[in-house]
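Trainee: Contents of data31.tsv (TSV, C-alpha atoms) are below:
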chain	number	residue	atom	x	y	z
A	511	MET	CA	25.31	-69.95	97.61
A	512	ARG	CA	24.54	-68.63	101.09
A	513	CYS	CA	21.53	-70.31	102.71
A	514	LEU	CA	18.98	-68.09	104.40
A	515	PRO	CA	18.46	-68.85	108.09
A	516	GLU	CA	15.37	-70.86	108.99
A	517	VAL	CA	12.45	-68.67	110.07
A	518	LYS	CA	10.84	-69.49	113.41
A	519	LYS	CA	8.25	-67.38	115.23
A	520	THR	CA	5.77	-67.95	118.04
A	521	VAL	CA	2.20	-66.77	118.44
A	522	ALA	CA	3.30	-64.83	121.54
A	523	GLU	CA	5.94	-62.97	119.52
A	524	ILE	CA	3.42	-62.16	116.79
A	525	ASN	CA	0.90	-60.91	119.37
A	526	LYS	CA	3.52	-58.54	120.79
A	527	ARG	CA	4.00	-57.12	117.30
A	528	ILE	CA	0.23	-56.76	116.92
A	529	GLU	CA	-0.02	-54.90	120.24
A	530	LYS	CA	2.77	-52.53	119.16
A	531	GLY	CA	1.14	-51.95	115.75
A	532	LYS	CA	4.14	-53.45	113.96
A	533	ALA	CA	2.66	-56.72	112.68
A	534	VAL	CA	2.62	-57.26	108.92
A	535	VAL	CA	-0.81	-58.62	108.04
A	536	LEU	CA	-1.91	-59.66	104.54
A	537	THR	CA	-5.09	-61.15	103.17
A	538	ALA	CA	-4.71	-64.62	101.72
A	539	ALA	CA	-5.05	-63.14	98.22
A	540	GLU	CA	-2.21	-60.70	98.91
A	541	MET	CA	-0.06	-63.51	100.29
A	542	VAL	CA	-0.28	-65.41	97.00
A	543	GLU	CA	1.50	-62.59	95.19
A	544	THR	CA	3.96	-62.05	98.05
A	545	VAL	CA	5.12	-65.67	98.04
A	546	LYS	CA	5.44	-65.63	94.26
A	547	ARG	CA	7.56	-62.48	94.44
A	548	LEU	CA	9.73	-63.22	97.47
A	549	GLY	CA	9.68	-66.98	97.87
A	550	LYS	CA	8.52	-68.77	101.01
A	551	VAL	CA	11.55	-68.02	103.19
A	552	LYS	CA	11.61	-64.25	102.69
A	553	ALA	CA	7.81	-64.13	102.84
A	554	ALA	CA	7.89	-65.97	106.18
A	555	LYS	CA	10.38	-63.45	107.50
A	556	GLU	CA	8.37	-60.41	106.38
A	557	VAL	CA	4.76	-61.49	107.01
A	558	ASP	CA	3.30	-62.20	110.45
A	559	VAL	CA	-0.34	-63.07	109.81
A	560	VAL	CA	-2.48	-64.05	106.84
A	561	ALA	CA	-6.20	-63.25	107.10
A	562	THR	CA	-8.51	-65.71	105.35
A	563	GLY	CA	-12.24	-65.45	104.71
A	564	THR	CA	-15.28	-67.23	103.40
A	565	PHE	CA	-18.97	-66.35	103.09
A	566	SER	CA	-21.04	-69.30	101.98
A	567	PRO	CA	-24.21	-71.25	102.79
A	568	MET	CA	-23.42	-73.51	105.77
A	569	CYS	CA	-26.48	-75.62	106.58
A	570	SER	CA	-25.03	-77.15	109.75
A	571	SER	CA	-25.45	-73.99	111.82
A	572	GLY	CA	-27.81	-72.73	114.47
A	573	MET	CA	-28.57	-70.73	117.61
A	574	LEU	CA	-28.46	-72.01	121.18
A	575	PHE	CA	-30.61	-69.70	123.30
A	576	ASN	CA	-32.26	-69.20	126.66
A	577	PHE	CA	-35.45	-67.13	126.69
A	578	GLY	CA	-35.66	-66.60	130.45
A	579	GLN	CA	-38.37	-67.23	133.00
A	580	GLU	CA	-41.36	-65.21	134.17
A	581	PRO	CA	-43.94	-66.38	136.70
A	582	PRO	CA	-45.43	-68.89	136.54
A	583	VAL	CA	-42.26	-70.65	135.34
A	584	ILE	CA	-42.14	-73.21	132.55
A	585	LYS	CA	-40.14	-76.24	131.46
A	586	ALA	CA	-40.57	-75.97	127.70
A	587	GLN	CA	-41.26	-79.22	125.87
A	588	LYS	CA	-41.86	-77.64	122.47
A	589	VAL	CA	-40.58	-74.27	121.27
A	590	ARG	CA	-41.10	-72.28	118.08
A	591	LEU	CA	-39.80	-68.91	116.89
A	592	ASN	CA	-41.95	-67.30	114.19
A	593	GLY	CA	-43.45	-70.72	113.66
A	594	ILE	CA	-40.09	-72.45	113.15
A	595	PRO	CA	-39.57	-75.39	115.54
A	596	ALA	CA	-36.57	-75.34	117.87
A	597	HIS	CA	-35.28	-78.36	119.78
A	598	ALA	CA	-36.32	-78.02	123.41
A	599	GLY	CA	-35.02	-81.28	124.85
A	600	LEU	CA	-32.61	-79.38	127.09
A	601	ALA	CA	-33.15	-77.50	130.35
A	602	ALA	CA	-36.26	-75.50	131.25
A	603	VAL	CA	-35.96	-72.52	128.88
A	604	ASP	CA	-33.00	-73.57	126.75
A	605	ALA	CA	-33.50	-74.45	123.08
A	606	TYR	CA	-31.55	-74.84	119.85
A	607	LEU	CA	-32.81	-73.45	116.56
A	608	GLY	CA	-31.30	-75.12	113.50
A	609	ALA	CA	-30.59	-72.83	110.56
A	610	SER	CA	-32.11	-75.35	108.13
A	611	GLU	CA	-35.30	-75.91	110.12
A	612	LEU	CA	-38.53	-75.39	108.17
A	613	PRO	CA	-42.01	-74.22	109.22
A	614	LYS	CA	-44.09	-76.89	110.94
A	615	ASP	CA	-47.02	-76.23	108.60
A	616	ASP	CA	-44.86	-76.19	105.45
A	617	PRO	CA	-42.70	-79.32	105.42
A	618	LEU	CA	-40.16	-79.90	102.71
A	619	ASN	CA	-42.36	-82.13	100.58
A	620	LYS	CA	-44.73	-79.19	100.03
A	621	ILE	CA	-42.06	-76.81	98.79
A	622	HIS	CA	-42.52	-76.10	95.11
A	623	PRO	CA	-39.94	-74.62	92.71
A	624	GLY	CA	-40.12	-70.83	92.81
A	625	GLN	CA	-41.38	-70.68	96.39
A	626	PHE	CA	-39.46	-68.61	98.94
A	627	VAL	CA	-39.03	-70.57	102.14
A	628	TYR	CA	-38.65	-68.90	105.56
A	629	GLY	CA	-36.73	-71.02	108.03
A	630	GLY	CA	-34.47	-71.06	111.05
A	631	ALA	CA	-31.70	-69.03	109.41
A	632	HIS	CA	-34.14	-66.23	108.61
A	633	VAL	CA	-35.28	-66.12	112.25
A	634	ILE	CA	-31.64	-65.72	113.35
A	635	GLU	CA	-31.09	-62.98	110.77
A	636	ASP	CA	-34.28	-61.21	111.88
A	637	LEU	CA	-33.09	-61.24	115.50
A	638	LEU	CA	-29.73	-59.80	114.44
A	639	ARG	CA	-31.54	-57.03	112.58
A	640	GLY	CA	-33.31	-56.02	115.79
A	641	LYS	CA	-36.69	-57.42	114.79
A	642	ALA	CA	-39.10	-59.00	117.25
A	643	VAL	CA	-40.02	-62.63	116.63
A	644	ARG	CA	-42.92	-64.60	118.08
A	645	LEU	CA	-41.91	-67.08	120.80
A	646	TRP	CA	-44.27	-70.00	121.44
A	647	ALA	CA	-43.52	-72.58	124.10
A	648	GLU	CA	-45.60	-75.52	125.28
A	649	ALA	CA	-45.04	-77.66	128.38
A	650	TYR	CA	-46.65	-80.61	130.18
A	651	GLY	CA	-46.53	-78.84	133.56
A	652	THR	CA	-44.92	-80.01	136.81
A	653	ASP	CA	-45.11	-78.94	140.44
A	654	CYS	CA	-41.91	-76.92	140.04
A	655	TYR	CA	-42.73	-75.71	136.50
A	656	PRO	CA	-46.52	-75.21	136.43
A	657	ARG	CA	-46.91	-73.09	133.28
A	658	ARG	CA	-48.14	-75.01	130.23
A	659	LEU	CA	-48.14	-72.33	127.54
A	660	LEU	CA	-46.12	-69.19	126.83
A	661	GLU	CA	-46.54	-66.83	123.89
A	662	LYS	CA	-44.82	-63.47	123.50
A	663	ASP	CA	-42.69	-61.35	121.19
A	664	VAL	CA	-38.94	-61.34	121.88
A	665	THR	CA	-35.94	-59.53	120.46
A	666	LEU	CA	-32.31	-60.56	120.61
A	667	ALA	CA	-31.83	-58.18	123.54
A	668	ASP	CA	-34.66	-59.95	125.40
A	669	LEU	CA	-32.97	-63.35	125.22
A	670	LYS	CA	-30.97	-64.20	128.33
A	671	TYR	CA	-28.40	-66.02	126.16
A	672	ALA	CA	-27.91	-66.42	122.43
A	673	ALA	CA	-24.91	-68.10	120.84
A	674	LEU	CA	-24.22	-69.20	117.33
A	675	ILE	CA	-23.04	-72.81	117.66
A	676	ASN	CA	-22.35	-74.36	114.28
A	677	PRO	CA	-21.56	-78.08	114.16
A	678	ARG	CA	-20.04	-78.05	110.66
A	679	ASN	CA	-18.62	-74.95	108.96
A	680	CYS	CA	-15.71	-74.03	106.67
A	681	TYR	CA	-15.45	-77.13	104.49
A	682	GLN	CA	-11.91	-77.69	103.29
A	683	ASN	CA	-12.48	-77.87	99.55
A	684	TYR	CA	-15.84	-78.90	98.09
A	685	ASN	CA	-17.61	-80.15	95.01
A	686	VAL	CA	-18.36	-78.73	91.61
A	687	ALA	CA	-21.95	-79.90	91.14
A	688	VAL	CA	-23.45	-80.89	87.78
A	689	ASN	CA	-26.43	-82.95	86.69
A	690	LEU	CA	-26.22	-85.43	83.80
A	691	THR	CA	-29.85	-86.52	83.92
A	692	SER	CA	-32.47	-85.23	81.48
A	693	ARG	CA	-34.42	-83.27	84.11
A	694	ILE	CA	-33.61	-80.38	86.44
A	695	ILE	CA	-32.82	-81.39	90.02
A	696	TYR	CA	-32.95	-79.22	93.15
A	697	THR	CA	-30.05	-79.57	95.58
A	698	TYR	CA	-28.26	-77.79	98.44
A	699	MET	CA	-25.85	-76.60	95.73
A	700	GLY	CA	-28.78	-74.89	93.99
A	701	PRO	CA	-30.81	-75.98	90.97
A	702	LEU	CA	-28.80	-78.11	88.53
A	703	LYS	CA	-29.98	-77.98	84.94
A	704	PRO	CA	-30.20	-81.17	82.87
A	705	ASN	CA	-27.34	-82.43	80.72
A	706	ALA	CA	-24.72	-80.41	82.65
A	707	ARG	CA	-25.97	-77.02	81.49
A	708	ASN	CA	-24.56	-75.44	84.67
A	709	ALA	CA	-21.86	-76.27	87.22
A	710	ASN	CA	-22.29	-74.81	90.71
A	711	PHE	CA	-19.18	-74.62	92.89
A	712	ALA	CA	-18.42	-73.68	96.51
A	713	THR	CA	-15.60	-72.39	98.78
A	714	SER	CA	-13.67	-69.15	98.43
A	715	GLY	CA	-10.60	-70.71	96.81
A	716	GLU	CA	-7.30	-69.12	97.78
A	717	LEU	CA	-9.12	-67.09	100.47
A	718	SER	CA	-10.62	-70.19	102.10
A	719	PRO	CA	-9.44	-70.74	105.71
A	720	LEU	CA	-8.66	-74.46	105.69
A	721	LEU	CA	-7.05	-74.38	102.26
A	722	ASN	CA	-4.47	-71.96	103.71
A	723	ASP	CA	-3.62	-74.37	106.51
A	724	PRO	CA	-4.29	-77.75	104.89
A	725	TYR	CA	-2.82	-79.80	107.75
A	726	LEU	CA	-4.43	-77.64	110.47
A	727	LYS	CA	-1.07	-76.84	112.00
A	728	THR	CA	-2.31	-73.55	113.53
A	729	ILE	CA	-6.07	-74.21	113.85
A	730	GLY	CA	-7.61	-76.20	116.70
A	731	LEU	CA	-9.66	-76.02	119.87
A	732	GLY	CA	-9.57	-72.43	121.12
A	733	THR	CA	-8.52	-70.70	117.91
A	734	ARG	CA	-10.02	-67.19	117.89
A	735	ILE	CA	-11.81	-66.36	114.62
A	736	PHE	CA	-14.02	-63.83	112.87
A	737	LEU	CA	-17.53	-65.29	113.04
A	738	GLY	CA	-20.60	-63.56	111.68
A	739	GLY	CA	-19.06	-60.11	112.07
A	740	GLY	CA	-18.05	-60.73	115.67
A	741	VAL	CA	-15.49	-62.80	117.54
A	742	GLY	CA	-15.86	-66.56	117.73
A	743	TYR	CA	-13.82	-69.64	118.49
A	744	VAL	CA	-13.11	-73.04	117.02
A	745	ILE	CA	-14.41	-75.65	119.46
A	746	GLY	CA	-13.25	-78.76	117.61
A	747	ALA	CA	-13.56	-80.76	114.43
A	748	GLY	CA	-16.83	-80.38	112.58
A	749	THR	CA	-19.18	-83.26	112.02
A	750	GLN	CA	-18.17	-85.27	108.93
A	751	HIS	CA	-14.57	-84.08	109.41
A	752	ASP	CA	-12.31	-86.27	107.24
A	753	PRO	CA	-8.66	-86.15	108.33
A	754	HIS	CA	-7.45	-88.63	105.70
A	755	PRO	CA	-8.40	-87.36	102.23
A	756	LYS	CA	-6.36	-87.82	99.09
A	757	ARG	CA	-4.22	-84.72	98.56
A	758	ASN	CA	-2.24	-83.12	95.78
A	759	GLU	CA	1.45	-82.23	96.06
A	760	ARG	CA	0.62	-78.99	97.93
A	761	GLY	CA	-1.37	-80.87	100.56
A	762	ILE	CA	-4.71	-79.64	99.18
A	763	PRO	CA	-7.46	-82.29	99.62
A	764	LEU	CA	-9.03	-83.58	96.42
A	765	SER	CA	-12.46	-83.81	98.04
A	766	ALA	CA	-14.52	-82.30	100.86
A	767	ALA	CA	-12.29	-82.99	103.85
A	768	GLY	CA	-11.72	-80.97	107.02
A	769	THR	CA	-14.52	-79.08	108.76
A	770	LEU	CA	-14.77	-77.02	111.95
A	771	MET	CA	-17.22	-76.71	114.81
A	772	VAL	CA	-17.42	-73.06	115.85
A	773	LYS	CA	-19.22	-70.83	118.36
A	774	GLY	CA	-19.63	-67.16	119.13
A	775	ASP	CA	-21.84	-64.67	120.98
A	776	LEU	CA	-24.71	-63.89	118.61
A	777	LYS	CA	-25.30	-60.54	120.32
A	778	GLY	CA	-21.88	-59.37	119.12
A	779	MET	CA	-22.50	-60.29	115.47
A	780	ASN	CA	-23.65	-58.36	112.42
A	781	ALA	CA	-26.51	-59.31	110.10
A	782	ARG	CA	-24.32	-58.39	107.12
A	783	TYR	CA	-22.37	-61.60	107.75
A	784	ILE	CA	-25.28	-63.85	108.78
A	785	ARG	CA	-27.95	-64.27	106.09
A	786	GLY	CA	-30.90	-66.58	105.72
A	787	VAL	CA	-30.81	-68.32	102.35
A	788	SER	CA	-33.81	-69.82	100.58
A	789	ILE	CA	-32.53	-72.38	98.06
A	790	LEU	CA	-34.94	-72.99	95.21
A	791	GLY	CA	-36.73	-76.33	95.50
A	792	TYR	CA	-34.49	-77.48	98.36
A	793	GLY	CA	-35.12	-75.55	101.55
A	794	VAL	CA	-33.19	-73.20	103.81
A	795	SER	CA	-29.55	-72.62	104.65
A	796	MET	CA	-27.57	-69.84	106.29
A	797	ALA	CA	-24.72	-67.89	104.71
A	798	VAL	CA	-22.05	-67.45	107.38
A	799	GLY	CA	-18.98	-65.22	107.28
A	800	VAL	CA	-15.93	-66.91	108.79
A	801	GLY	CA	-12.38	-65.56	108.83
A	802	ILE	CA	-9.41	-67.31	110.40
A	803	PRO	CA	-6.02	-65.70	111.00
A	804	ILE	CA	-3.07	-67.90	110.05
A	805	PRO	CA	0.12	-67.05	111.96
A	806	ILE	CA	3.21	-67.34	109.76
A	807	LEU	CA	5.35	-69.27	112.21
A	808	ASN	CA	7.80	-70.63	109.65
A	809	GLU	CA	8.45	-71.02	105.94
A	810	ASP	CA	6.08	-73.99	105.71
A	811	MET	CA	3.17	-71.79	106.76
A	812	ALA	CA	4.27	-69.18	104.22
A	813	PHE	CA	4.24	-71.88	101.57
A	814	TYR	CA	0.78	-73.14	102.54
A	815	THR	CA	-0.72	-69.63	102.62
A	816	GLY	CA	0.77	-68.96	99.21
A	817	VAL	CA	-1.78	-71.35	97.69
A	818	SER	CA	-3.45	-69.92	94.60
A	819	ASP	CA	-6.74	-70.68	92.86
A	820	ALA	CA	-4.76	-72.57	90.20
A	821	ASP	CA	-3.35	-74.91	92.90
A	822	ILE	CA	-6.78	-75.98	94.17
A	823	GLU	CA	-8.22	-79.03	92.41
A	824	MET	CA	-11.92	-79.68	92.92
A	825	PRO	CA	-13.96	-82.79	92.08
A	826	VAL	CA	-16.70	-82.43	89.48
A	827	ARG	CA	-19.57	-84.57	90.77
A	828	ASP	CA	-22.75	-85.68	89.02
A	829	TYR	CA	-25.57	-85.07	91.49
A	830	GLY	CA	-27.92	-87.03	89.25
A	831	HIS	CA	-26.06	-90.32	89.76
A	832	ASP	CA	-24.61	-91.63	93.02
A	833	GLU	CA	-21.70	-93.92	93.65
A	834	PRO	CA	-22.43	-97.08	95.73
A	835	ASN	CA	-21.68	-95.15	98.93
A	836	GLY	CA	-24.44	-92.65	98.14
A	837	ILE	CA	-22.08	-89.80	97.22
A	838	PRO	CA	-22.46	-88.18	93.79
A	839	ARG	CA	-20.06	-89.82	91.35
A	840	VAL	CA	-16.83	-88.08	90.35
A	841	LEU	CA	-16.48	-87.17	86.68
A	842	GLY	CA	-13.04	-85.57	86.93
A	843	TYR	CA	-11.24	-82.58	88.42
A	844	VAL	CA	-10.95	-78.88	87.61
A	845	THR	CA	-9.10	-76.08	89.34
A	846	TYR	CA	-10.74	-73.28	91.25
A	847	ALA	CA	-9.17	-70.91	88.72
A	848	ASP	CA	-11.05	-72.76	85.96
A	849	CYS	CA	-14.32	-72.26	87.81
A	850	ARG	CA	-13.63	-68.57	88.49
A	851	ALA	CA	-13.08	-68.08	84.76
A	852	GLY	CA	-16.80	-68.83	84.42
A	853	GLU	CA	-16.68	-71.95	82.29
A	854	ILE	CA	-15.43	-75.52	82.62
A	855	VAL	CA	-15.53	-78.58	80.36
A	856	VAL	CA	-17.75	-81.50	81.42
A	857	ASN	CA	-17.74	-84.60	79.21
A	858	GLY	CA	-16.23	-82.59	76.38
A	859	LYS	CA	-18.90	-79.89	76.63
A	860	ARG	CA	-18.42	-76.29	77.78
A	861	THR	CA	-20.49	-75.63	80.89
A	862	GLU	CA	-21.21	-72.38	82.73
A	863	ALA	CA	-19.61	-72.33	86.21
A	864	VAL	CA	-21.60	-70.50	88.91
A	865	PRO	CA	-20.30	-69.74	92.45
A	866	VAL	CA	-22.46	-70.57	95.45
A	867	THR	CA	-19.95	-68.80	97.72
A	868	SER	CA	-19.76	-65.00	97.51
A	869	LEU	CA	-16.17	-64.11	96.64
A	870	ALA	CA	-16.79	-60.40	97.20
A	871	MET	CA	-18.09	-61.04	100.72
A	872	SER	CA	-15.33	-63.58	101.41
A	873	LEU	CA	-12.74	-60.93	100.56
A	874	GLU	CA	-14.59	-58.43	102.76
A	875	VAL	CA	-14.41	-60.88	105.68
A	876	ALA	CA	-10.66	-61.36	105.17
A	877	THR	CA	-10.09	-57.60	104.77
A	878	THR	CA	-12.11	-56.81	107.90
A	879	LEU	CA	-10.21	-59.39	109.93
A	880	LYS	CA	-6.94	-57.95	108.61
A	881	SER	CA	-7.96	-54.45	109.77
A	882	TRP	CA	-8.91	-55.71	113.26
A	883	ILE	CA	-5.47	-57.28	113.65
A	884	GLU	CA	-3.65	-54.23	112.30
A	885	GLN	CA	-5.55	-52.01	114.75
A	886	GLY	CA	-4.61	-54.26	117.67
A	887	LYS	CA	-8.25	-55.20	118.30
A	888	PHE	CA	-7.77	-58.90	117.59
A	889	LEU	CA	-5.00	-61.06	119.04
A	890	LEU	CA	-4.21	-64.60	117.98
A	891	THR	CA	-4.65	-67.67	120.17
A	892	GLU	CA	-2.81	-70.97	120.18
A	893	PRO	CA	-4.90	-74.15	119.97
A	894	VAL	CA	-5.14	-76.02	123.28
A	895	GLU	CA	-5.92	-79.23	121.41
A	896	PRO	CA	-5.16	-80.12	117.79
A	897	ILE	CA	-7.68	-81.28	115.22
A	898	PRO	CA	-6.67	-84.48	113.37
A	899	SER	CA	-5.48	-83.76	109.85
A	900	LEU	CA	-3.26	-86.70	108.91
Would you encode the structure as structure tokens?
Mentor:
Amino acid sequence: MRCLPEVKKTVAEINKRIEKGKAVVLTAAEMVETVKRLGKVKAAKEVDVVATGTFSPMCSSGMLFNFGQEPPVIKAQKVRLNGIPAHAGLAAVDAYLGASELPKDDPLNKIHPGQFVYGGAHVIEDLLRGKAVRLWAEAYGTDCYPRRLLEKDVTLADLKYAALINPRNCYQNYNVAVNLTSRIIYTYMGPLKPNARNANFATSGELSPLLNDPYLKTIGLGTRIFLGGGVGYVIGAGTQHDPHPKRNERGIPLSAAGTLMVKGDLKGMNARYIRGVSILGYGVSMAVGVGIPIPILNEDMAFYTGVSDADIEMPVRDYGHDEPNGIPRVLGYVTYADCRAGEIVVNGKRTEAVPVTSLAMSLEVATTLKSWIEQGKFLLTEPVEPIPSL
């Protein structure tokens, strides 16, 4: 039997094909079928880039901004936007608004089930939609910064600088959340009914960026990505990044593992892909659209991007009972395909499976990124520093 030659490409070679309009670009969902049909070697030879996508609540997100000076100048000590506190322990008019931040006069312990909560993520979405928000800044006053109070309406265009800087996005695999207690509990995975009457699950499965590059061979510091409808970059490992998870034979982690820290110019983003989310009885999060292009440099990358929903095993965790380390206990494992079918079995009982991640929007992110690359609008970058994954 004649062996096929080993496939080797470079990012530079792929970029030349993109610039000439000759690159073959598939979404991660399309790549699954291509690898099944052709095998990893032929798929690696034919395909240049795989576009991934996810659109899911990502609490560890926020906006770094500068609201500019006007006489008399101010060194802000406290800052709020539409009543939502921002961290002002930076320079004079720099601040960071966390997506999960809540109103000062409505702390979390006053949130009741059924109540819509407006928080930091909603302020960011409002700015993206062109709305004016109320800026309030307080200072202690100095000789060089005499102003003590500033109040005015600002739009995104008025801000001198506004960047989305998200400390932890794109979890590589995640939990299927259930609740085995006798009462409903309210979590960041949504309300969990008693006695495992629902199972809420996250990630976009075979579309998910880090599940298509499980060892982060092509993703690192400087990787150009789709972020919030604009262009962003990976700036390192996300907080709580775990480079040493247990993995299955395909390299897929069996728990929440890798994460990314990302940034992008908020003024170039689109409110369709940045949404404030009010989670019943829990608080606020922000749904973020992230798409990462995976260059098919060799047959290994073709194999990894051929991952299907049936290959992805996810831990079923009981959010009503913690393990000694404070993490919800593991009851077993199901595949992402099981969850997408709408029902899983928990302790011998059939349980409705409900996605927290929007699969339709995740596919739209991947499809949009694919079109940018095909049109030559989006070139790939090589990481200047790797992210630990082994």
Trainee: Between A:Ile854, A:Ala522, A:Ala538, A:Val686, which is the closest to Met824 in chain A once you count all atoms listed in the file?
Mentor: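 Residue with the minimum atom-to-atom distance to Met824 in chain A: A:Val686.
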Trainee: Calculated over all atoms listed in the file, which of the candidates A:Leu720, A:Val627, A:Ala667, A:Val817 has the smallest distance to His751 in chain A?
Mentor: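 Smallest distance to His751 in chain A is found for A:Leu720.
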Trainee: Taking all atoms listed in the file into account, which of A:Lys641, A:Lys519, A:Arg860, A:Arg757 comes nearest Leu721 in chain A?
Mentor: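 Between A:Lys641, A:Lys519, A:Arg860, A:Arg757, the residue approaching Leu721 in chain A most closely is A:Arg757.
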Trainee: Can you tell me, as a list in words, what residues are no more than 10 Å from Glu884 in chain A when counting all atoms listed in the file, ignoring any on the same chain fewer than 5 positions away?
Mentor: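 In the requested form, the answer reads Arg527, Ile528, Glu529, Lys530, Gly531, Lys532, Ala533, Val534, Val535, Leu536, Val559, Thr878, Leu879 and Leu889 of chain A.
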Trainee: For the residues selected in the previous step, produce a file with C-alpha atoms as a PDB file, in the frame of the given file.
Mentor:
ATOM      1  CA  ARG A 527       4.000 -57.120 117.300  1.00  0.00           C
ATOM      2  CA  ILE A 528       0.230 -56.760 116.920  1.00  0.00           C
ATOM      3  CA  GLU A 529      -0.020 -54.900 120.240  1.00  0.00           C
ATOM      4  CA  LYS A 530       2.770 -52.530 119.160  1.00  0.00           C
ATOM      5  CA  GLY A 531       1.140 -51.950 115.750  1.00  0.00           C
ATOM      6  CA  LYS A 532       4.140 -53.450 113.960  1.00  0.00           C
ATOM      7  CA  ALA A 533       2.660 -56.720 112.680  1.00  0.00           C
ATOM      8  CA  VAL A 534       2.620 -57.260 108.920  1.00  0.00           C
ATOM      9  CA  VAL A 535      -0.810 -58.620 108.040  1.00  0.00           C
ATOM     10  CA  LEU A 536      -1.910 -59.660 104.540  1.00  0.00           C
ATOM     11  CA  VAL A 559      -0.340 -63.070 109.810  1.00  0.00           C
ATOM     12  CA  THR A 878     -12.110 -56.810 107.900  1.00  0.00           C
ATOM     13  CA  LEU A 879     -10.210 -59.390 109.930  1.00  0.00           C
ATOM     14  CA  LEU A 889      -5.000 -61.060 119.040  1.00  0.00           C
TER      15      LEU A 889
END
Trainee: Extract, using all atoms listed in the file, all DNA, RNA and protein residues at most 10 Å from Gln579 in chain A, discarding same-chain residues fewer than 4 positions from it, and format them as a VMD selection string.
Mentor: chain A and resid 583 to 585 602 to 603 670
Trainee: Name the closest residue to Val856 in chain A among the candidates A:Ala706, A:Glu580, A:Gly740, A:Ser714; distances are taken between atoms, counting all atoms listed in the file.
Mentor: A:Ala706
